[in-house]
>>> print(open('model_13.pdb').read())   # PDB, C-alpha atoms and all ligand atoms
ATOM      1  CA  MET E  19     103.455-198.531 -17.902
ATOM      2  CA  THR E  20     104.066-202.127 -16.785
ATOM      3  CA  GLU E  21     101.696-204.729 -18.147
ATOM      4  CA  PHE E  22      99.865-206.610 -15.443
ATOM      5  CA  ALA E  23      97.064-209.142 -15.131
ATOM      6  CA  TRP E  24      93.801-208.500 -13.302
ATOM      7  CA  ILE E  25      91.761-210.968 -11.261
ATOM      8  CA  LEU E  26      88.297-209.836 -10.206
ATOM      9  CA  PRO E  27      86.521-212.036  -7.665
ATOM     10  CA  ALA E  28      82.794-211.581  -8.433
ATOM     11  CA  ALA E  29      81.486-214.998  -7.397
ATOM     12  CA  GLY E  30      79.828-213.929  -4.142
ATOM     13  CA  MET E  31      76.060-213.775  -3.876
ATOM     14  CA  GLY E  32      76.014-210.680  -1.672
ATOM     15  CA  ALA E  33      74.094-212.043   1.297
ATOM     16  CA  ARG E  34      74.441-208.752   3.183
ATOM     17  CA  LEU E  35      73.121-206.763   0.229
ATOM     18  CA  ARG E  36      69.968-208.918   0.150
ATOM     19  CA  ALA E  37      69.347-208.365  -3.587
ATOM     20  CA  ASP E  38      67.627-210.944  -5.753
ATOM     21  CA  LEU E  39      70.618-211.368  -8.082
ATOM     22  CA  PRO E  40      74.396-211.801  -7.566
ATOM     23  CA  LYS E  41      75.899-208.628  -6.108
ATOM     24  CA  ALA E  42      78.147-207.885  -9.122
ATOM     25  CA  LEU E  43      75.054-207.743 -11.364
ATOM     26  CA  VAL E  44      73.085-205.358  -9.150
ATOM     27  CA  PRO E  45      72.578-202.055 -10.980
ATOM     28  CA  LEU E  46      74.137-198.774  -9.883
ATOM     29  CA  CYS E  47      72.759-195.792 -11.774
ATOM     30  CA  GLY E  48      71.178-198.408 -14.068
ATOM     31  CA  THR E  49      74.441-200.211 -14.924
ATOM     32  CA  PRO E  50      75.665-203.439 -13.237
ATOM     33  CA  ILE E  51      78.328-202.958 -10.559
ATOM     34  CA  LEU E  52      80.729-205.237 -12.476
ATOM     35  CA  VAL E  53      80.459-203.069 -15.592
ATOM     36  CA  HIS E  54      81.396-199.951 -13.612
ATOM     37  CA  THR E  55      84.411-201.824 -12.232
ATOM     38  CA  LEU E  56      85.484-203.159 -15.649
ATOM     39  CA  ARG E  57      85.170-199.696 -17.218
ATOM     40  CA  ARG E  58      87.421-198.221 -14.544
ATOM     41  CA  ILE E  59      89.970-200.968 -15.084
ATOM     42  CA  ALA E  60      89.884-200.401 -18.840
ATOM     43  CA  ARG E  61      90.832-196.783 -18.223
ATOM     44  CA  ILE E  62      93.711-197.800 -15.934
ATOM     45  CA  SER E  63      94.946-200.712 -18.123
ATOM     46  CA  PRO E  64      93.798-200.155 -21.712
ATOM     47  CA  GLY E  65      93.486-203.453 -23.543
ATOM     48  CA  ALA E  66      93.541-205.604 -20.400
ATOM     49  CA  VAL E  67      91.256-208.648 -20.362
ATOM     50  CA  PRO E  68      90.513-209.187 -16.659
ATOM     51  CA  VAL E  69      89.781-212.682 -15.344
ATOM     52  CA  VAL E  70      86.390-212.458 -13.625
ATOM     53  CA  LEU E  71      85.301-215.212 -11.233
ATOM     54  CA  VAL E  72      81.537-215.717 -11.287
ATOM     55  CA  PRO E  73      79.014-217.983  -9.564
ATOM     56  CA  PRO E  74      78.828-221.042 -11.897
ATOM     57  CA  GLU E  75      75.018-221.126 -11.854
ATOM     58  CA  HIS E  76      74.894-217.488 -13.059
ATOM     59  CA  HIS E  77      77.552-217.771 -15.792
ATOM     60  CA  ALA E  78      75.069-217.096 -18.594
ATOM     61  CA  ALA E  79      73.753-213.923 -16.949
ATOM     62  CA  PHE E  80      77.300-212.593 -16.498
ATOM     63  CA  ALA E  81      78.163-213.445 -20.124
ATOM     64  CA  ARG E  82      75.062-211.563 -21.319
ATOM     65  CA  VAL E  83      75.963-208.485 -19.283
ATOM     66  CA  CYS E  84      79.571-208.412 -20.540
ATOM     67  CA  ALA E  85      78.369-208.781 -24.146
ATOM     68  CA  THR E  86      75.649-206.141 -23.793
ATOM     69  CA  TYR E  87      77.993-203.550 -22.319
ATOM     70  CA  GLU E  88      80.959-204.589 -24.509
ATOM     71  CA  THR E  89      83.269-204.994 -21.535
ATOM     72  CA  PRO E  90      85.990-207.498 -22.539
ATOM     73  CA  CYS E  91      86.796-210.044 -19.827
ATOM     74  CA  ARG E  92      87.372-213.761 -19.319
ATOM     75  CA  LEU E  93      84.661-215.377 -17.198
ATOM     76  CA  LEU E  94      85.661-218.341 -15.039
ATOM     77  CA  HIS E  95      83.864-220.195 -12.279
ATOM     78  CA  GLY E  96      84.547-219.056  -8.719
ATOM     79  CA  GLY E  97      84.462-221.242  -5.619
ATOM     80  CA  ALA E  98      82.632-221.422  -2.310
ATOM     81  CA  GLU E  99      84.897-218.867  -0.550
ATOM     82  CA  ARG E 100      86.549-215.734  -1.909
ATOM     83  CA  GLN E 101      89.937-217.401  -1.465
ATOM     84  CA  ASP E 102      88.811-220.330  -3.657
ATOM     85  CA  SER E 103      87.656-217.891  -6.339
ATOM     86  CA  VAL E 104      90.961-216.010  -6.330
ATOM     87  CA  ARG E 105      92.933-219.267  -6.478
ATOM     88  CA  ALA E 106      90.921-220.361  -9.526
ATOM     89  CA  GLY E 107      91.807-217.056 -11.178
ATOM     90  CA  LEU E 108      95.498-217.367 -10.323
ATOM     91  CA  GLU E 109      95.666-220.906 -11.692
ATOM     92  CA  ALA E 110      94.167-219.730 -14.977
ATOM     93  CA  LEU E 111      96.933-217.161 -15.615
ATOM     94  CA  PRO E 112      99.982-218.064 -17.725
ATOM     95  CA  SER E 113     102.903-219.213 -15.574
ATOM     96  CA  ASP E 114     105.088-216.379 -16.911
ATOM     97  CA  THR E 115     102.711-213.697 -15.562
ATOM     98  CA  GLY E 116     104.753-210.952 -13.935
ATOM     99  CA  ILE E 117     102.446-208.834 -11.784
ATOM    100  CA  VAL E 118      98.836-209.572 -10.838
ATOM    101  CA  ALA E 119      96.295-207.156  -9.351
ATOM    102  CA  ILE E 120      93.452-208.762  -7.403
ATOM    103  CA  HIS E 121      90.464-206.466  -7.062
ATOM    104  CA  ASP E 122      87.002-206.998  -5.587
ATOM    105  CA  ALA E 123      84.378-206.567  -8.298
ATOM    106  CA  ALA E 124      82.310-204.921  -5.565
ATOM    107  CA  ARG E 125      84.740-201.941  -5.375
ATOM    108  CA  CYS E 126      83.575-200.073  -8.438
ATOM    109  CA  LEU E 127      84.974-196.660  -7.445
ATOM    110  CA  ILE E 128      88.645-197.517  -7.775
ATOM    111  CA  ARG E 129      90.880-194.703  -9.051
ATOM    112  CA  PRO E 130      94.138-195.067 -11.017
ATOM    113  CA  GLU E 131      96.597-193.450  -8.585
ATOM    114  CA  PRO E 132      96.552-196.055  -5.786
ATOM    115  CA  VAL E 133      96.574-198.893  -8.321
ATOM    116  CA  LEU E 134      99.699-197.579 -10.021
ATOM    117  CA  ALA E 135     101.374-196.957  -6.656
ATOM    118  CA  ALA E 136     100.554-200.518  -5.553
ATOM    119  CA  VAL E 137     101.941-201.961  -8.805
ATOM    120  CA  ALA E 138     105.197-200.049  -8.313
ATOM    121  CA  ALA E 139     105.430-201.253  -4.699
ATOM    122  CA  ALA E 140     104.752-204.879  -5.670
ATOM    123  CA  GLU E 141     107.436-204.713  -8.340
ATOM    124  CA  ALA E 142     109.867-203.455  -5.716
ATOM    125  CA  CYS E 143     109.042-205.722  -2.770
ATOM    126  CA  GLY E 144     106.772-208.533  -4.006
ATOM    127  CA  ALA E 145     103.418-207.564  -2.520
ATOM    128  CA  ALA E 146     101.319-204.472  -1.802
ATOM    129  CA  THR E 147      97.807-203.646  -0.752
ATOM    130  CA  VAL E 148      95.807-200.485  -1.040
ATOM    131  CA  ALA E 149      94.506-199.473   2.401
ATOM    132  CA  VAL E 150      93.412-196.406   4.363
ATOM    133  CA  PRO E 151      94.342-195.356   7.904
ATOM    134  CA  VAL E 152      91.290-195.956  10.119
ATOM    135  CA  VAL E 153      89.412-192.963  11.492
ATOM    136  CA  ASP E 154      87.491-194.855  14.179
ATOM    137  CA  THR E 155      89.022-196.201  17.360
ATOM    138  CA  ILE E 156      88.966-200.004  16.984
ATOM    139  CA  LEU E 157      87.941-202.209  19.908
ATOM    140  CA  VAL E 158      88.997-205.819  20.363
ATOM    141  CA  ALA E 159      86.239-207.814  22.087
ATOM    142  CA  ASP E 160      86.548-210.952  24.192
ATOM    143  CA  ALA E 161      84.281-213.983  23.779
ATOM    144  CA  GLU E 162      81.563-212.353  25.941
ATOM    145  CA  GLU E 163      81.745-209.083  24.023
ATOM    146  CA  TYR E 164      83.539-207.175  26.763
ATOM    147  CA  LEU E 165      86.381-204.874  25.825
ATOM    148  CA  GLU E 166      89.592-206.840  25.611
ATOM    149  CA  SER E 167      91.929-204.124  24.332
ATOM    150  CA  THR E 168      92.148-200.936  22.305
ATOM    151  CA  PRO E 169      95.013-201.071  19.792
ATOM    152  CA  ASP E 170      96.907-197.873  19.026
ATOM    153  CA  ARG E 171      94.993-196.368  16.112
ATOM    154  CA  ARG E 172      98.164-195.043  14.515
ATOM    155  CA  THR E 173      99.084-198.616  13.544
ATOM    156  CA  LEU E 174      95.672-199.521  12.100
ATOM    157  CA  TRP E 175      94.662-199.423   8.449
ATOM    158  CA  ALA E 176      91.446-200.578   6.804
ATOM    159  CA  CYS E 177      92.182-203.011   4.001
ATOM    160  CA  GLN E 178      90.977-202.311   0.465
ATOM    161  CA  THR E 179      91.746-203.735  -2.954
ATOM    162  CA  PRO E 180      93.487-203.947  -5.315
ATOM    163  CA  GLN E 181      96.155-206.067  -3.733
ATOM    164  CA  VAL E 182      99.057-206.427  -6.119
ATOM    165  CA  PHE E 183     101.678-209.171  -6.222
ATOM    166  CA  GLN E 184     104.516-210.708  -8.116
ATOM    167  CA  TYR E 185     102.829-213.790  -9.533
ATOM    168  CA  GLU E 186     105.099-216.385  -7.918
ATOM    169  CA  VAL E 187     104.762-214.692  -4.509
ATOM    170  CA  ILE E 188     100.958-214.898  -4.452
ATOM    171  CA  MET E 189     100.860-218.382  -5.995
ATOM    172  CA  ALA E 190     103.193-219.708  -3.309
ATOM    173  CA  ALA E 191     101.169-218.008  -0.552
ATOM    174  CA  HIS E 192      97.882-219.455  -1.839
ATOM    175  CA  ARG E 193      99.390-222.929  -2.136
ATOM    176  CA  SER E 194     100.697-222.912   1.405
ATOM    177  CA  ALA E 195      97.399-221.520   2.793
ATOM    178  CA  ARG E 196      95.551-224.319   1.038
ATOM    179  CA  ALA E 197      97.973-226.992   2.249
ATOM    180  CA  GLU E 198      97.532-225.761   5.832
ATOM    181  CA  GLY E 199      93.755-225.307   5.596
ATOM    182  CA  PHE E 200      94.021-221.569   6.304
ATOM    183  CA  LEU E 201      91.208-219.332   5.083
ATOM    184  CA  GLY E 202      91.763-215.569   4.996
ATOM    185  CA  THR E 203      89.458-212.736   4.003
ATOM    186  CA  ASP E 204      92.085-211.168   1.728
ATOM    187  CA  ASP E 205      95.202-212.202  -0.206
ATOM    188  CA  ALA E 206      97.878-209.967   1.324
ATOM    189  CA  SER E 207      97.396-211.709   4.672
ATOM    190  CA  LEU E 208      98.301-215.015   2.992
ATOM    191  CA  VAL E 209     101.611-213.539   1.830
ATOM    192  CA  ARG E 210     102.325-212.161   5.296
ATOM    193  CA  ARG E 211     101.454-215.516   6.822
ATOM    194  CA  ALA E 212     103.958-217.169   4.495
ATOM    195  CA  GLY E 213     106.636-214.765   5.775
ATOM    196  CA  GLY E 214     106.532-212.189   2.962
ATOM    197  CA  ARG E 215     106.560-208.398   3.214
ATOM    198  CA  VAL E 216     103.510-206.452   2.088
ATOM    199  CA  LYS E 217     103.725-202.697   1.477
ATOM    200  CA  LEU E 218     100.673-200.649   2.504
ATOM    201  CA  VAL E 219      99.807-198.053  -0.122
ATOM    202  CA  ALA E 220      97.458-195.241   0.930
ATOM    203  CA  GLY E 221      94.236-195.196  -1.053
ATOM    204  CA  ASP E 222      91.147-193.084  -0.513
ATOM    205  CA  SER E 223      87.919-193.586   1.363
ATOM    206  CA  SER E 224      85.793-193.358  -1.802
ATOM    207  CA  ASN E 225      87.008-196.847  -2.799
ATOM    208  CA  ILE E 226      84.144-198.463  -0.876
ATOM    209  CA  LYS E 227      83.175-202.118  -1.134
ATOM    210  CA  ILE E 228      79.478-202.372  -1.834
ATOM    211  CA  THR E 229      78.333-204.611   0.979
ATOM    212  CA  ARG E 230      75.039-203.388   2.500
ATOM    213  CA  PRO E 231      72.033-201.673   0.888
ATOM    214  CA  ALA E 232      73.120-198.214   2.118
ATOM    215  CA  ASP E 233      76.401-198.631   0.186
ATOM    216  CA  LEU E 234      74.419-198.579  -3.080
ATOM    217  CA  ARG E 235      73.131-195.089  -2.310
ATOM    218  CA  MET E 236      76.594-193.945  -1.231
ATOM    219  CA  ALA E 237      78.176-195.329  -4.419
ATOM    220  CA  GLU E 238      75.526-193.689  -6.607
ATOM    221  CA  ALA E 239      76.188-190.351  -4.920
ATOM    222  CA  LEU E 240      79.945-190.725  -5.480
ATOM    223  CA  LEU E 241      79.413-191.703  -9.142
ATOM    224  CA  ALA E 242      77.109-188.730  -9.666
ATOM    225  CA  GLU E 243      79.773-186.423  -8.192
ATOM    226  CA  GLU E 244      82.199-187.734 -10.818
ATOM    227  CA  ASP E 245      79.617-187.547 -13.565
ATOM    228  CA  SER E 246      79.912-191.344 -14.028
ATOM    229  CA  CYS E 247      76.241-192.002 -13.319
ATOM    230  CA  THR E 248      75.503-193.138 -16.848
ATOM    231  CA  GLY E 249      74.054-196.301 -18.369
TER     232      GLY E 249
HETATM  233  N1  LIG E 301      83.677-213.344  -3.783
HETATM  234  C1  LIG E 301      84.035-214.365  -4.671
HETATM  235  N2  LIG E 301      83.780-215.675  -4.333
HETATM  236  C2  LIG E 301      83.182-215.975  -3.166
HETATM  237  C3  LIG E 301      82.831-214.947  -2.257
HETATM  238  C4  LIG E 301      83.110-213.629  -2.595
HETATM  239  O1  LIG E 301      84.554-214.101  -5.749
HETATM  240  N3  LIG E 301      82.935-217.247  -2.892
HETATM  241  C5  LIG E 301      83.898-211.940  -4.186
HETATM  242  C6  LIG E 301      82.627-211.106  -4.159
HETATM  243  O2  LIG E 301      81.884-211.319  -5.354
HETATM  244  C7  LIG E 301      83.142-209.696  -3.987
HETATM  245  C8  LIG E 301      84.465-209.894  -3.240
HETATM  246  O3  LIG E 301      84.769-211.290  -3.297
HETATM  247  O4  LIG E 301      83.393-209.038  -5.223
HETATM  248  C9  LIG E 301      84.356-209.416  -1.795
HETATM  249  O5  LIG E 301      83.429-210.230  -1.091
HETATM  250  P1  LIG E 301      82.142-209.694  -0.337
HETATM  251  O6  LIG E 301      82.055-208.219  -0.407
HETATM  252  O7  LIG E 301      82.074-210.378   0.986
HETATM  253  O8  LIG E 301      80.968-210.230  -1.301
HETATM  254  P2  LIG E 301      79.931-211.390  -1.026
HETATM  255  O9  LIG E 301      80.631-212.550  -0.420
HETATM  256  O10 LIG E 301      79.190-211.594  -2.289
HETATM  257  O11 LIG E 301      78.955-210.704   0.035
HETATM  258  P3  LIG E 301      78.418-211.318   1.422
HETATM  259  O12 LIG E 301      79.671-211.635   2.226
HETATM  260  O13 LIG E 301      77.578-210.231   1.990
HETATM  261  O14 LIG E 301      77.643-212.553   1.039
HETATM  262 MG    MG E 302      81.572-212.384   1.519
END
>>> encode(input="model_13.pdb", output="structure tokens", more="lines below")
Ligand code: CTP
Ligand code: MG
Amino acid sequence: MTEFAWILPAAGMGARLRADLPKALVPLCGTPILVHTLRRIARISPGAVPVVLVPPEHHAAFARVCATYETPCRLLHGGAERQDSVRAGLEALPSDTGIVAIHDAARCLIRPEPVLAAVAAAEACGAATVAVPVVDTILVADAEEYLESTPDRRTLWACQTPQVFQYEVIMAAHRSARAEGFLGTDDASLVRRAGGRVKLVAGDSSNIKITRPADLRMAEALLAEEDSCTG
């Protein structure tokens, strides 16, 4: 299998989760979310040392967790926005990096198949994101919250991570977004904005991003189903 680098943005505080510690350190079945994510990645890429972006003021707590659970990783300081955190991770990689997978630490249920499909697609065309076709009809609202339009659902996908890129493609996209003051909520949109092609790779709906309190219960149920609900 191709060698590739991992960047895990974990520097958010999780305002919507309303926990009293950074979201990536919140326990799921007794084990921090980040540890679940790192264990999954270790199974997909044995020997990988992911770059993990953390809130600078919580560096020591993250270092303790990674030591306690023996999950190898390289902790670096994230920035104010997710995009700043990812850029810090990209800049820390060697310039001869081939492929990089960027994955939200908060998606701790990632499975190997979509990752490997996204890596293959990124090798072929430069950029790929895991995503799932939406099941809900999506409404576009106007400024007064009246219905503006209803896009054809067959063209709509919900974005997930990992998003996988040839290193120079994502570096160039991040540099031009920064130069133009553009802030996106994911990385694939920066590549598209810079004129690149991004392949959508079908993932599965279990790859949830832990965002609100109810997601913790959902993730614990999914982990229990897989027998991964261990400390
Ligand atoms: N993230 C990051 N740096 C930031 C903000 C977010 O590395 N400045 C990371 C989060 O830690 C998370 C991923 O990006 O793993 C997706 O972000 P999100 O789910 O929005 O997490 P938070 O920003 O922490 O949550 P919230 O928006 O509810 O505050
Ligand atoms: Mg956020």
>>> resolve_selection(input="model_13.pdb", expression="the PyMOL selection byres (((chain E and resi 231-243) around 9) and not hetatm)", output="number ranges by chain")
E: 34-37, 45-47, 126-127, 224, 226-230, 244-248
>>> atom_distance(input="model_13.pdb", atom1="atom P3 of ligand LIG 301 (chain E)", atom2="CA of Gly48 (chain E)")
21.4 Å
>>> resolve_selection(input="model_13.pdb", expression="the PyMOL selection byres (((not hetatm)) within 6 of (chain E and resi 301))", output="PyMOL selection string")
chain E and resi 27-35+41+71+96-100+103+122-124+229
>>> atom_distance(input="model_13.pdb", atom1="CA of Asp114 (chain E)", atom2="CA of Ile25 (chain E)")
15.5 Å
>>> atom_distance(input="model_13.pdb", atom1="CA of Gln184 (chain E)", atom2="CA of Pro151 (chain E)")
24.4 Å
>>> residues_around(input="model_13.pdb", residues="Leu94 (chain E)", least_positions_apart="6", cutoff="12 Å", atoms="only C-alpha atoms", output="compact mmCIF listing (two decimals) with C-alpha atoms, in the coordinates of the input")
# COMPACT_ATOMS: atom_id res chain seq x y z
CA ILE E 25 91.76 -210.97 -11.26
CA LEU E 26 88.30 -209.84 -10.21
CA PRO E 27 86.52 -212.04 -7.66
CA ALA E 28 82.79 -211.58 -8.43
CA ALA E 29 81.49 -215.00 -7.40
CA PRO E 68 90.51 -209.19 -16.66
CA VAL E 69 89.78 -212.68 -15.34
CA VAL E 70 86.39 -212.46 -13.62
CA LEU E 71 85.30 -215.21 -11.23
CA VAL E 72 81.54 -215.72 -11.29
CA PRO E 73 79.01 -217.98 -9.56
CA PRO E 74 78.83 -221.04 -11.90
CA GLU E 75 75.02 -221.13 -11.85
CA HIS E 76 74.89 -217.49 -13.06
CA HIS E 77 77.55 -217.77 -15.79
CA ALA E 78 75.07 -217.10 -18.59
CA PHE E 80 77.30 -212.59 -16.50
CA ALA E 81 78.16 -213.44 -20.12
CA ASP E 102 88.81 -220.33 -3.66
CA SER E 103 87.66 -217.89 -6.34
CA VAL E 104 90.96 -216.01 -6.33
CA ARG E 105 92.93 -219.27 -6.48
CA ALA E 106 90.92 -220.36 -9.53
CA GLY E 107 91.81 -217.06 -11.18
CA LEU E 108 95.50 -217.37 -10.32
CA GLU E 109 95.67 -220.91 -11.69
CA ALA E 110 94.17 -219.73 -14.98
CA LEU E 111 96.93 -217.16 -15.62
>>> resolve_selection(input="model_13.pdb", expression="the PyMOL selection byres (((chain E and resi 89) around 9) and not hetatm)", output="number ranges by chain")
E: 53, 56-57, 60, 67, 83-88, 90-91
>>> write_last_selection(input="model_13.pdb", atoms="C-alpha atoms", output="PDB file, in the coordinates of the input")
ATOM      1  CA  VAL E  53      80.459-203.069 -15.592  1.00  0.00           C
ATOM      2  CA  LEU E  56      85.484-203.159 -15.649  1.00  0.00           C
ATOM      3  CA  ARG E  57      85.170-199.696 -17.218  1.00  0.00           C
ATOM      4  CA  ALA E  60      89.884-200.401 -18.840  1.00  0.00           C
ATOM      5  CA  VAL E  67      91.256-208.648 -20.362  1.00  0.00           C
ATOM      6  CA  VAL E  83      75.963-208.485 -19.283  1.00  0.00           C
ATOM      7  CA  CYS E  84      79.571-208.412 -20.540  1.00  0.00           C
ATOM      8  CA  ALA E  85      78.369-208.781 -24.146  1.00  0.00           C
ATOM      9  CA  THR E  86      75.649-206.141 -23.793  1.00  0.00           C
ATOM     10  CA  TYR E  87      77.993-203.550 -22.319  1.00  0.00           C
ATOM     11  CA  GLU E  88      80.959-204.589 -24.509  1.00  0.00           C
ATOM     12  CA  PRO E  90      85.990-207.498 -22.539  1.00  0.00           C
ATOM     13  CA  CYS E  91      86.796-210.044 -19.827  1.00  0.00           C
TER      14      CYS E  91
END
>>> build_atoms(input="model_13.pdb", residues="region 214-231 of chain E", atoms="N, CA and C atoms", output="PDB file, in the coordinates of the input")
ATOM      1  N   GLY E 214     106.176-213.258   3.904  1.00  0.00           N
ATOM      2  CA  GLY E 214     106.532-212.189   2.962  1.00  0.00           C
ATOM      3  C   GLY E 214     106.267-210.807   3.523  1.00  0.00           C
ATOM      4  N   ARG E 215     106.826-209.792   2.843  1.00  0.00           N
ATOM      5  CA  ARG E 215     106.560-208.398   3.214  1.00  0.00           C
ATOM      6  C   ARG E 215     105.480-207.866   2.302  1.00  0.00           C
ATOM      7  N   VAL E 216     104.599-207.043   2.865  1.00  0.00           N
ATOM      8  CA  VAL E 216     103.510-206.452   2.088  1.00  0.00           C
ATOM      9  C   VAL E 216     103.519-204.951   2.347  1.00  0.00           C
ATOM     10  N   LYS E 217     103.716-204.154   1.315  1.00  0.00           N
ATOM     11  CA  LYS E 217     103.725-202.697   1.477  1.00  0.00           C
ATOM     12  C   LYS E 217     102.285-202.171   1.506  1.00  0.00           C
ATOM     13  N   LEU E 218     101.988-201.294   2.477  1.00  0.00           N
ATOM     14  CA  LEU E 218     100.673-200.649   2.504  1.00  0.00           C
ATOM     15  C   LEU E 218     100.753-199.356   1.691  1.00  0.00           C
ATOM     16  N   VAL E 219      99.843-199.222   0.750  1.00  0.00           N
ATOM     17  CA  VAL E 219      99.807-198.053  -0.122  1.00  0.00           C
ATOM     18  C   VAL E 219      98.524-197.288   0.193  1.00  0.00           C
ATOM     19  N   ALA E 220      98.642-196.009   0.516  1.00  0.00           N
ATOM     20  CA  ALA E 220      97.458-195.241   0.930  1.00  0.00           C
ATOM     21  C   ALA E 220      96.510-195.013  -0.246  1.00  0.00           C
ATOM     22  N   GLY E 221      95.270-195.429  -0.050  1.00  0.00           N
ATOM     23  CA  GLY E 221      94.236-195.196  -1.053  1.00  0.00           C
ATOM     24  C   GLY E 221      93.323-194.079  -0.571  1.00  0.00           C
ATOM     25  N   ASP E 222      92.069-194.103  -1.004  1.00  0.00           N
ATOM     26  CA  ASP E 222      91.147-193.084  -0.513  1.00  0.00           C
ATOM     27  C   ASP E 222      89.831-193.726  -0.110  1.00  0.00           C
ATOM     28  N   SER E 223      89.104-192.990   0.748  1.00  0.00           N
ATOM     29  CA  SER E 223      87.919-193.586   1.363  1.00  0.00           C
ATOM     30  C   SER E 223      86.761-193.735   0.380  1.00  0.00           C
ATOM     31  N   SER E 224      86.878-193.175  -0.828  1.00  0.00           N
ATOM     32  CA  SER E 224      85.793-193.358  -1.802  1.00  0.00           C
ATOM     33  C   SER E 224      85.809-194.758  -2.412  1.00  0.00           C
ATOM     34  N   ASN E 225      86.891-195.501  -2.215  1.00  0.00           N
ATOM     35  CA  ASN E 225      87.008-196.847  -2.799  1.00  0.00           C
ATOM     36  C   ASN E 225      86.242-197.859  -1.936  1.00  0.00           C
ATOM     37  N   ILE E 226      84.939-197.622  -1.780  1.00  0.00           N
ATOM     38  CA  ILE E 226      84.144-198.463  -0.876  1.00  0.00           C
ATOM     39  C   ILE E 226      83.850-199.816  -1.523  1.00  0.00           C
ATOM     40  N   LYS E 227      83.635-200.812  -0.658  1.00  0.00           N
ATOM     41  CA  LYS E 227      83.175-202.118  -1.134  1.00  0.00           C
ATOM     42  C   LYS E 227      81.677-202.162  -0.928  1.00  0.00           C
ATOM     43  N   ILE E 228      80.929-202.325  -1.987  1.00  0.00           N
ATOM     44  CA  ILE E 228      79.478-202.372  -1.834  1.00  0.00           C
ATOM     45  C   ILE E 228      79.133-203.648  -1.087  1.00  0.00           C
ATOM     46  N   THR E 229      78.579-203.472   0.090  1.00  0.00           N
ATOM     47  CA  THR E 229      78.333-204.611   0.979  1.00  0.00           C
ATOM     48  C   THR E 229      76.893-204.620   1.467  1.00  0.00           C
ATOM     49  N   ARG E 230      76.409-203.469   1.969  1.00  0.00           N
ATOM     50  CA  ARG E 230      75.039-203.388   2.500  1.00  0.00           C
ATOM     51  C   ARG E 230      74.214-202.456   1.621  1.00  0.00           C
ATOM     52  N   PRO E 231      72.871-202.509   1.760  1.00  0.00           N
ATOM     53  CA  PRO E 231      72.033-201.673   0.888  1.00  0.00           C
ATOM     54  C   PRO E 231      72.419-200.184   0.903  1.00  0.00           C
TER      55      PRO E 231
END
